[in-house]
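Student: Got entry.pdb for you, PDB, C-alpha atoms, pLDDT in the B column:
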```
ATOM      1  CA  MET Y   1     -84.370  98.318 210.876  1.00 47.00           C
ATOM      2  CA  SER Y   2     -87.648  96.978 209.629  1.00 49.00           C
ATOM      3  CA  SER Y   3     -88.820  93.514 210.486  1.00 49.00           C
ATOM      4  CA  ILE Y   4     -90.838  93.324 207.273  1.00 51.00           C
ATOM      5  CA  SER Y   5     -89.274  90.910 204.841  1.00 50.00           C
ATOM      6  CA  GLN Y   6     -89.441  91.052 201.127  1.00 55.00           C
ATOM      7  CA  THR Y   7     -92.816  89.983 199.775  1.00 50.00           C
ATOM      8  CA  PRO Y   8     -93.248  87.819 196.710  1.00 52.00           C
ATOM      9  CA  ALA Y   9     -93.148  89.694 193.434  1.00 51.00           C
ATOM     10  CA  GLY Y  10     -96.420  88.292 192.199  1.00 50.00           C
ATOM     11  CA  PRO Y  11     -96.768  86.174 189.113  1.00 56.00           C
ATOM     12  CA  ALA Y  12     -93.528  86.142 187.153  1.00 61.00           C
ATOM     13  CA  TRP Y  13     -93.558  86.839 183.464  1.00 62.00           C
ATOM     14  CA  SER Y  14     -93.864  83.616 181.563  1.00 71.00           C
ATOM     15  CA  PHE Y  15     -91.217  82.517 179.104  1.00 70.00           C
ATOM     16  CA  ARG Y  16     -93.697  83.094 176.277  1.00 73.00           C
ATOM     17  CA  ARG Y  17     -94.356  86.692 177.338  1.00 72.00           C
ATOM     18  CA  ARG Y  18     -90.627  87.480 177.676  1.00 69.00           C
ATOM     19  CA  PHE Y  19     -89.905  85.828 174.336  1.00 70.00           C
ATOM     20  CA  LEU Y  20     -92.636  87.827 172.598  1.00 71.00           C
ATOM     21  CA  LEU Y  21     -91.388  91.071 174.133  1.00 72.00           C
ATOM     22  CA  SER Y  22     -87.859  90.241 172.968  1.00 71.00           C
ATOM     23  CA  MET Y  23     -89.113  89.545 169.459  1.00 69.00           C
ATOM     24  CA  VAL Y  24     -90.956  92.876 169.375  1.00 72.00           C
ATOM     25  CA  ALA Y  25     -87.723  94.644 170.399  1.00 71.00           C
ATOM     26  CA  VAL Y  26     -85.717  92.782 167.741  1.00 68.00           C
ATOM     27  CA  GLY Y  27     -88.394  93.592 165.156  1.00 67.00           C
ATOM     28  CA  ALA Y  28     -88.272  97.285 166.054  1.00 69.00           C
ATOM     29  CA  ILE Y  29     -84.503  97.324 165.690  1.00 63.00           C
ATOM     30  CA  LEU Y  30     -84.706  95.556 162.348  1.00 62.00           C
ATOM     31  CA  ALA Y  31     -87.411  97.963 161.181  1.00 64.00           C
ATOM     32  CA  LEU Y  32     -84.992 100.839 161.743  1.00 61.00           C
ATOM     33  CA  THR Y  33     -82.588  99.327 159.240  1.00 58.00           C
ATOM     34  CA  VAL Y  34     -85.092  99.248 156.352  1.00 59.00           C
ATOM     35  CA  GLY Y  35     -85.064 102.880 155.210  1.00 61.00           C
ATOM     36  CA  PRO Y  36     -82.143 104.966 153.955  1.00 62.00           C
ATOM     37  CA  ALA Y  37     -81.525 106.469 157.390  1.00 60.00           C
ATOM     38  CA  GLY Y  38     -81.454 102.995 158.913  1.00 64.00           C
ATOM     39  CA  ARG Y  39     -78.981 101.759 156.311  1.00 64.00           C
ATOM     40  CA  ALA Y  40     -76.757 104.784 156.976  1.00 65.00           C
ATOM     41  CA  ILE Y  41     -76.782 104.047 160.720  1.00 63.00           C
ATOM     42  CA  VAL Y  42     -75.936 100.392 160.084  1.00 65.00           C
ATOM     43  CA  ASP Y  43     -73.107 101.432 157.741  1.00 67.00           C
ATOM     44  CA  ILE Y  44     -71.657 103.816 160.336  1.00 65.00           C
ATOM     45  CA  ALA Y  45     -72.006 101.182 163.077  1.00 65.00           C
ATOM     46  CA  ALA Y  46     -70.229  98.600 160.929  1.00 66.00           C
ATOM     47  CA  HIS Y  47     -67.139 100.815 160.838  1.00 68.00           C
ATOM     48  CA  ALA Y  48     -67.106 101.574 164.576  1.00 68.00           C
ATOM     49  CA  ARG Y  49     -64.216 100.400 166.703  1.00 72.00           C
ATOM     50  CA  LEU Y  50     -64.267 100.238 170.503  1.00 71.00           C
ATOM     51  CA  HIS Y  51     -61.464 102.343 171.972  1.00 73.00           C
ATOM     52  CA  ALA Y  52     -60.488 104.038 175.208  1.00 79.00           C
ATOM     53  CA  PRO Y  53     -62.764 106.970 175.993  1.00 81.00           C
ATOM     54  CA  ASP Y  54     -61.878 110.115 174.048  1.00 81.00           C
ATOM     55  CA  LEU Y  55     -61.282 112.459 176.980  1.00 86.00           C
ATOM     56  CA  ALA Y  56     -60.549 115.405 174.693  1.00 87.00           C
ATOM     57  CA  LEU Y  57     -64.041 115.079 173.226  1.00 86.00           C
ATOM     58  CA  PHE Y  58     -65.510 114.653 176.712  1.00 85.00           C
ATOM     59  CA  SER Y  59     -63.793 117.875 177.861  1.00 89.00           C
ATOM     60  CA  ARG Y  60     -65.488 119.799 175.016  1.00 90.00           C
ATOM     61  CA  LEU Y  61     -69.003 118.735 176.050  1.00 88.00           C
ATOM     62  CA  SER Y  62     -71.306 121.144 177.853  1.00 89.00           C
ATOM     63  CA  PRO Y  63     -71.383 120.904 181.662  1.00 91.00           C
ATOM     64  CA  ALA Y  64     -74.967 119.561 181.527  1.00 90.00           C
ATOM     65  CA  ILE Y  65     -73.939 116.685 179.248  1.00 88.00           C
ATOM     66  CA  LYS Y  66     -70.864 115.897 181.381  1.00 91.00           C
ATOM     67  CA  ILE Y  67     -72.968 115.759 184.549  1.00 93.00           C
ATOM     68  CA  HIS Y  68     -75.623 113.729 182.746  1.00 91.00           C
ATOM     69  CA  LEU Y  69     -73.151 111.141 181.414  1.00 89.00           C
ATOM     70  CA  LEU Y  70     -71.192 110.715 184.648  1.00 91.00           C
ATOM     71  CA  ALA Y  71     -74.305 110.470 186.820  1.00 93.00           C
ATOM     72  CA  ALA Y  72     -75.935 108.040 184.365  1.00 90.00           C
ATOM     73  CA  VAL Y  73     -72.914 105.731 184.351  1.00 88.00           C
ATOM     74  CA  ALA Y  74     -72.737 105.824 188.157  1.00 93.00           C
ATOM     75  CA  ALA Y  75     -76.495 105.159 188.448  1.00 93.00           C
ATOM     76  CA  LEU Y  76     -76.268 102.313 185.952  1.00 90.00           C
ATOM     77  CA  LEU Y  77     -73.443 100.621 187.876  1.00 91.00           C
ATOM     78  CA  LEU Y  78     -75.027 101.171 191.291  1.00 94.00           C
ATOM     79  CA  GLY Y  79     -78.428 100.063 189.965  1.00 92.00           C
ATOM     80  CA  ALA Y  80     -76.933  96.853 188.619  1.00 90.00           C
ATOM     81  CA  LEU Y  81     -75.368  96.212 192.026  1.00 92.00           C
ATOM     82  CA  LEU Y  82     -78.673  96.923 193.774  1.00 92.00           C
ATOM     83  CA  MET Y  83     -80.391  94.356 191.546  1.00 88.00           C
ATOM     84  CA  THR Y  84     -78.052  91.659 192.867  1.00 89.00           C
ATOM     85  CA  VAL Y  85     -77.984  92.368 196.616  1.00 89.00           C
ATOM     86  CA  ARG Y  86     -80.514  91.327 199.213  1.00 89.00           C
ATOM     87  CA  LYS Y  87     -83.335  93.818 199.522  1.00 88.00           C
ATOM     88  CA  GLY Y  88     -84.546  95.593 202.638  1.00 85.00           C
ATOM     89  CA  HIS Y  89     -81.239  95.653 204.505  1.00 89.00           C
ATOM     90  CA  LYS Y  90     -79.232  98.717 205.469  1.00 92.00           C
ATOM     91  CA  PHE Y  91     -76.948  98.590 202.409  1.00 93.00           C
ATOM     92  CA  HIS Y  92     -79.925  98.378 200.053  1.00 93.00           C
ATOM     93  CA  ARG Y  93     -81.671 101.313 201.712  1.00 93.00           C
ATOM     94  CA  THR Y  94     -78.539 103.488 201.854  1.00 94.00           C
ATOM     95  CA  ALA Y  95     -77.392 102.675 198.322  1.00 94.00           C
ATOM     96  CA  GLY Y  96     -80.990 103.064 197.163  1.00 95.00           C
ATOM     97  CA  TRP Y  97     -81.085 106.669 198.378  1.00 95.00           C
ATOM     98  CA  VAL Y  98     -77.760 107.317 196.612  1.00 96.00           C
ATOM     99  CA  TRP Y  99     -79.292 105.807 193.455  1.00 95.00           C
ATOM    100  CA  VAL Y 100     -82.355 108.054 193.803  1.00 96.00           C
ATOM    101  CA  GLY Y 101     -80.019 111.054 194.038  1.00 96.00           C
ATOM    102  CA  LEU Y 102     -78.060 109.968 190.972  1.00 96.00           C
ATOM    103  CA  VAL Y 103     -81.223 109.342 188.944  1.00 95.00           C
ATOM    104  CA  SER Y 104     -82.573 112.745 190.004  1.00 95.00           C
ATOM    105  CA  LEU Y 105     -79.315 114.301 188.805  1.00 95.00           C
ATOM    106  CA  VAL Y 106     -79.552 112.438 185.484  1.00 92.00           C
ATOM    107  CA  ALA Y 107     -83.153 113.553 184.965  1.00 92.00           C
ATOM    108  CA  GLY Y 108     -82.507 117.114 186.112  1.00 91.00           C
ATOM    109  CA  SER Y 109     -79.452 117.559 183.914  1.00 91.00           C
ATOM    110  CA  SER Y 110     -81.337 116.217 180.898  1.00 88.00           C
ATOM    111  CA  LEU Y 111     -83.655 119.223 181.084  1.00 89.00           C
ATOM    112  CA  PHE Y 112     -80.675 121.360 180.024  1.00 89.00           C
ATOM    113  CA  ILE Y 113     -79.689 119.127 177.102  1.00 86.00           C
ATOM    114  CA  THR Y 114     -81.530 120.403 174.060  1.00 80.00           C
ATOM    115  CA  SER Y 115     -78.852 120.183 171.363  1.00 68.00           C
ATOM    116  CA  LEU Y 116     -80.469 117.102 169.803  1.00 64.00           C
ATOM    117  CA  ASN Y 117     -83.543 119.099 168.804  1.00 62.00           C
ATOM    118  CA  HIS Y 118     -82.028 122.531 168.025  1.00 66.00           C
ATOM    119  CA  GLY Y 119     -82.660 124.151 171.386  1.00 68.00           C
ATOM    120  CA  ARG Y 120     -85.991 122.473 172.132  1.00 71.00           C
ATOM    121  CA  TRP Y 121     -86.858 119.422 174.145  1.00 73.00           C
ATOM    122  CA  SER Y 122     -87.153 116.170 172.216  1.00 71.00           C
ATOM    123  CA  LEU Y 123     -89.299 113.093 172.672  1.00 71.00           C
ATOM    124  CA  LEU Y 124     -86.540 111.676 174.896  1.00 74.00           C
ATOM    125  CA  HIS Y 125     -87.545 114.256 177.496  1.00 77.00           C
ATOM    126  CA  LEU Y 126     -90.725 112.262 178.056  1.00 82.00           C
ATOM    127  CA  PHE Y 127     -88.473 109.811 179.946  1.00 84.00           C
ATOM    128  CA  THR Y 128     -87.396 112.743 182.127  1.00 87.00           C
ATOM    129  CA  GLY Y 129     -90.964 113.660 182.982  1.00 88.00           C
ATOM    130  CA  TRP Y 130     -91.845 110.057 183.725  1.00 90.00           C
ATOM    131  CA  THR Y 131     -88.778 109.661 185.937  1.00 92.00           C
ATOM    132  CA  LEU Y 132     -89.509 112.841 187.886  1.00 92.00           C
ATOM    133  CA  ILE Y 133     -93.023 111.530 188.601  1.00 94.00           C
ATOM    134  CA  ILE Y 134     -92.257 107.874 189.368  1.00 94.00           C
ATOM    135  CA  LEU Y 135     -89.006 108.270 191.344  1.00 95.00           C
ATOM    136  CA  PRO Y 136     -90.536 110.079 194.349  1.00 95.00           C
ATOM    137  CA  LEU Y 137     -93.540 107.746 194.278  1.00 96.00           C
ATOM    138  CA  ALA Y 138     -91.219 104.718 194.399  1.00 96.00           C
ATOM    139  CA  ALA Y 139     -89.393 106.210 197.392  1.00 95.00           C
ATOM    140  CA  ILE Y 140     -92.712 106.867 199.151  1.00 96.00           C
ATOM    141  CA  TRP Y 141     -93.840 103.296 198.459  1.00 96.00           C
ATOM    142  CA  ALA Y 142     -90.609 101.977 199.979  1.00 93.00           C
ATOM    143  CA  LYS Y 143     -91.102 104.108 203.104  1.00 93.00           C
ATOM    144  CA  ARG Y 144     -94.669 102.777 203.390  1.00 95.00           C
ATOM    145  CA  HIS Y 145     -93.413  99.191 202.928  1.00 93.00           C
ATOM    146  CA  GLU Y 146     -95.456  98.788 199.738  1.00 94.00           C
ATOM    147  CA  VAL Y 147     -92.752  96.473 198.434  1.00 93.00           C
ATOM    148  CA  ALA Y 148     -94.479  95.228 195.269  1.00 94.00           C
ATOM    149  CA  ARG Y 149     -95.253  98.756 194.024  1.00 95.00           C
ATOM    150  CA  HIS Y 150     -91.748  99.943 194.938  1.00 95.00           C
ATOM    151  CA  ARG Y 151     -90.157  96.989 193.139  1.00 93.00           C
ATOM    152  CA  ARG Y 152     -92.201  97.494 189.947  1.00 93.00           C
ATOM    153  CA  ALA Y 153     -91.422 101.208 189.858  1.00 94.00           C
ATOM    154  CA  MET Y 154     -87.693 100.778 190.467  1.00 94.00           C
ATOM    155  CA  LEU Y 155     -87.348  97.920 187.990  1.00 92.00           C
ATOM    156  CA  GLY Y 156     -89.203 100.015 185.428  1.00 91.00           C
ATOM    157  CA  LEU Y 157     -86.953 103.003 186.032  1.00 92.00           C
ATOM    158  CA  PHE Y 158     -83.806 100.915 185.899  1.00 91.00           C
ATOM    159  CA  TYR Y 159     -84.589  98.819 182.853  1.00 87.00           C
ATOM    160  CA  GLY Y 160     -86.803 101.301 181.052  1.00 83.00           C
ATOM    161  CA  GLY Y 161     -84.893 104.406 181.939  1.00 80.00           C
ATOM    162  CA  PHE Y 162     -81.360 103.127 181.734  1.00 78.00           C
ATOM    163  CA  ALA Y 163     -81.290 100.051 179.524  1.00 75.00           C
ATOM    164  CA  ILE Y 164     -83.397 101.594 176.760  1.00 77.00           C
ATOM    165  CA  ASN Y 165     -81.732 104.993 177.013  1.00 79.00           C
ATOM    166  CA  LEU Y 166     -78.299 103.369 176.953  1.00 79.00           C
ATOM    167  CA  LEU Y 167     -79.176 101.920 173.559  1.00 78.00           C
ATOM    168  CA  ILE Y 168     -80.383 105.342 172.432  1.00 78.00           C
ATOM    169  CA  ALA Y 169     -77.167 106.939 173.732  1.00 79.00           C
ATOM    170  CA  PHE Y 170     -75.106 104.694 171.457  1.00 78.00           C
ATOM    171  CA  ILE Y 171     -76.850 105.813 168.263  1.00 77.00           C
ATOM    172  CA  PRO Y 172     -74.074 106.851 165.849  1.00 77.00           C
ATOM    173  CA  GLY Y 173     -73.269 110.540 166.079  1.00 76.00           C
ATOM    174  CA  ARG Y 174     -74.373 111.020 169.686  1.00 78.00           C
ATOM    175  CA  ALA Y 175     -71.843 112.013 172.368  1.00 80.00           C
ATOM    176  CA  LEU Y 176     -71.448 108.591 174.010  1.00 81.00           C
ATOM    177  CA  TRP Y 177     -71.020 106.951 170.606  1.00 78.00           C
ATOM    178  CA  GLN Y 178     -68.293 109.414 169.648  1.00 81.00           C
ATOM    179  CA  ILE Y 179     -66.502 109.113 172.992  1.00 84.00           C
ATOM    180  CA  MET Y 180     -66.430 105.291 172.987  1.00 81.00           C
ATOM    181  CA  LEU Y 181     -66.722 104.145 169.364  1.00 77.00           C
ATOM    182  CA  GLY Y 182     -66.403 107.061 166.947  1.00 69.00           C
TER     183      GLY Y 182
END
```
Please lay out the structure from this file as structure tokens.

Tutor:
Amino acid sequence: MSSISQTPAGPAWSFRRRFLLSMVAVGAILALTVGPAGRAIVDIAAHARLHAPDLALFSRLSPAIKIHLLAAVAALLLGALLMTVRKGHKFHRTAGWVWVGLVSLVAGSSLFITSLNHGRWSLLHLFTGWTLIILPLAAIWAKRHEVARHRRAMLGLFYGGFAINLLIAFIPGRALWQIMLG
């Protein structure tokens, strides 16, 4: 067990900076609704109804998509738990390695999901490449007790990789949308 405690995160983002970032995100979402495609998405979303997962639809998905969805949900839940527990203790380190394994599985399985772009990788696969670069670096930084670098990398992977991609996963017509809302 390490005797090194958690170091300060550095200067926190100011309220103004967080507010501006939120407004940019809201503006981007609103911009999507301007064109005909955006209006169609909004129309489909307006008719969506939350229901129990459609397991019949899930059973028809490819093995890569099944693995990807299940590992992503597990990583999202475990990541949220890791954000709330005290850092640097045995549970955090053990659960952190499990999270690294789950995220590696999510990224690895995404390499086999090409149905969105007719058999080719899409722009979403840039997240995969980024994850496969940053994830091992973040683990190395943790082993070296470079806490600030580790924290930034893991927060970026969690919020950038999972929060943003969760929104993308719920675009009408995609598998998660159809399973939960379609």

Student: Rounded to one decimal place, report the CA of Ala107 (chain Y)-CA of Ser62 (chain Y) distance in Å.

Tutor: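 Taking CA of Ala107 (chain Y) as the start and CA of Ser62 (chain Y) as the end point, the length is 15.8 Å.
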
Student: Between CA of Phe58 (chain Y) and CA of Leu176 (chain Y), what distance in Å does the model show, to one decimal?

Tutor: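 These atoms are spaced 8.9 Å apart.
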
Student: Name all residues at most 12 Å from Ile65 (chain Y) (count all atoms listed in the file; drop same-chain ones fewer than 2 positions away) and give them as a short mmCIF file (atom, residue, chain, number, x, y, z; two decimals) with C-alpha atoms, in the coordinates of the input.

Tutor:
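Generated file (around.cif):
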```cif
data_model
loop_
_atom_site.label_atom_id
_atom_site.label_comp_id
_atom_site.auth_asym_id
_atom_site.auth_seq_id
_atom_site.Cartn_x
_atom_site.Cartn_y
_atom_site.Cartn_z
CA LEU Y 57 -64.04 115.08 173.23
CA PHE Y 58 -65.51 114.65 176.71
CA SER Y 59 -63.79 117.88 177.86
CA ARG Y 60 -65.49 119.80 175.02
CA LEU Y 61 -69.00 118.74 176.05
CA SER Y 62 -71.31 121.14 177.85
CA PRO Y 63 -71.38 120.90 181.66
CA ILE Y 67 -72.97 115.76 184.55
CA HIS Y 68 -75.62 113.73 182.75
CA LEU Y 69 -73.15 111.14 181.41
CA LEU Y 70 -71.19 110.72 184.65
CA ALA Y 71 -74.31 110.47 186.82
CA ALA Y 72 -75.94 108.04 184.36
CA LEU Y 105 -79.32 114.30 188.80
CA VAL Y 106 -79.55 112.44 185.48
CA ALA Y 107 -83.15 113.55 184.96
CA GLY Y 108 -82.51 117.11 186.11
CA SER Y 109 -79.45 117.56 183.91
CA SER Y 110 -81.34 116.22 180.90
CA LEU Y 111 -83.66 119.22 181.08
CA PHE Y 112 -80.68 121.36 180.02
CA ILE Y 113 -79.69 119.13 177.10
CA THR Y 114 -81.53 120.40 174.06
CA SER Y 115 -78.85 120.18 171.36
CA LEU Y 116 -80.47 117.10 169.80
CA ALA Y 169 -77.17 106.94 173.73
CA ARG Y 174 -74.37 111.02 169.69
CA ALA Y 175 -71.84 112.01 172.37
CA LEU Y 176 -71.45 108.59 174.01
#
```

Student: To one decimal in Å, tell me the separation between CA of Phe91 (chain Y) and CA of Tyr159 (chain Y).

Tutor: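 That distance, rounded to one decimal, is 21.0 Å.
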
Student: Please evaluate the PyMOL selection byres ((chain Y and resi 178) around 12) against the displayed coordinates and give the resulting residues as a VMD selection string.

Tutor: chain Y and resid 44 to 45 48 to 58 61 169 to 177 179 to 182

Student: Which polymer residues have any atom within 12 Å of an atom of His92 (chain Y), counting only C-alpha atoms, with same-chain residues fewer than 6 positions away left out, as a PyMOL selection string?

Tutor: chain Y and resi 1+78-86+98-100+142

Student: Hey, which of Y:Ala138, Y:Gly96, Y:Val103, Y:Arg151 ends up closest to Val73 (chain Y)? Count only C-alpha atoms.

Tutor: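 Between Y:Ala138, Y:Gly96, Y:Val103, Y:Arg151, the residue approaching Val73 (chain Y) most closely is Y:Val103.
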
Student: List the residues matched by the PyMOL selection byres ((chain Y and resi 121-135) around 7) in the displayed structure as an MDAnalysis selection string, ordered by chain and then by residue number.

Tutor: chainID Y and resid 107 114 117 119:120 136:139 153 157 161
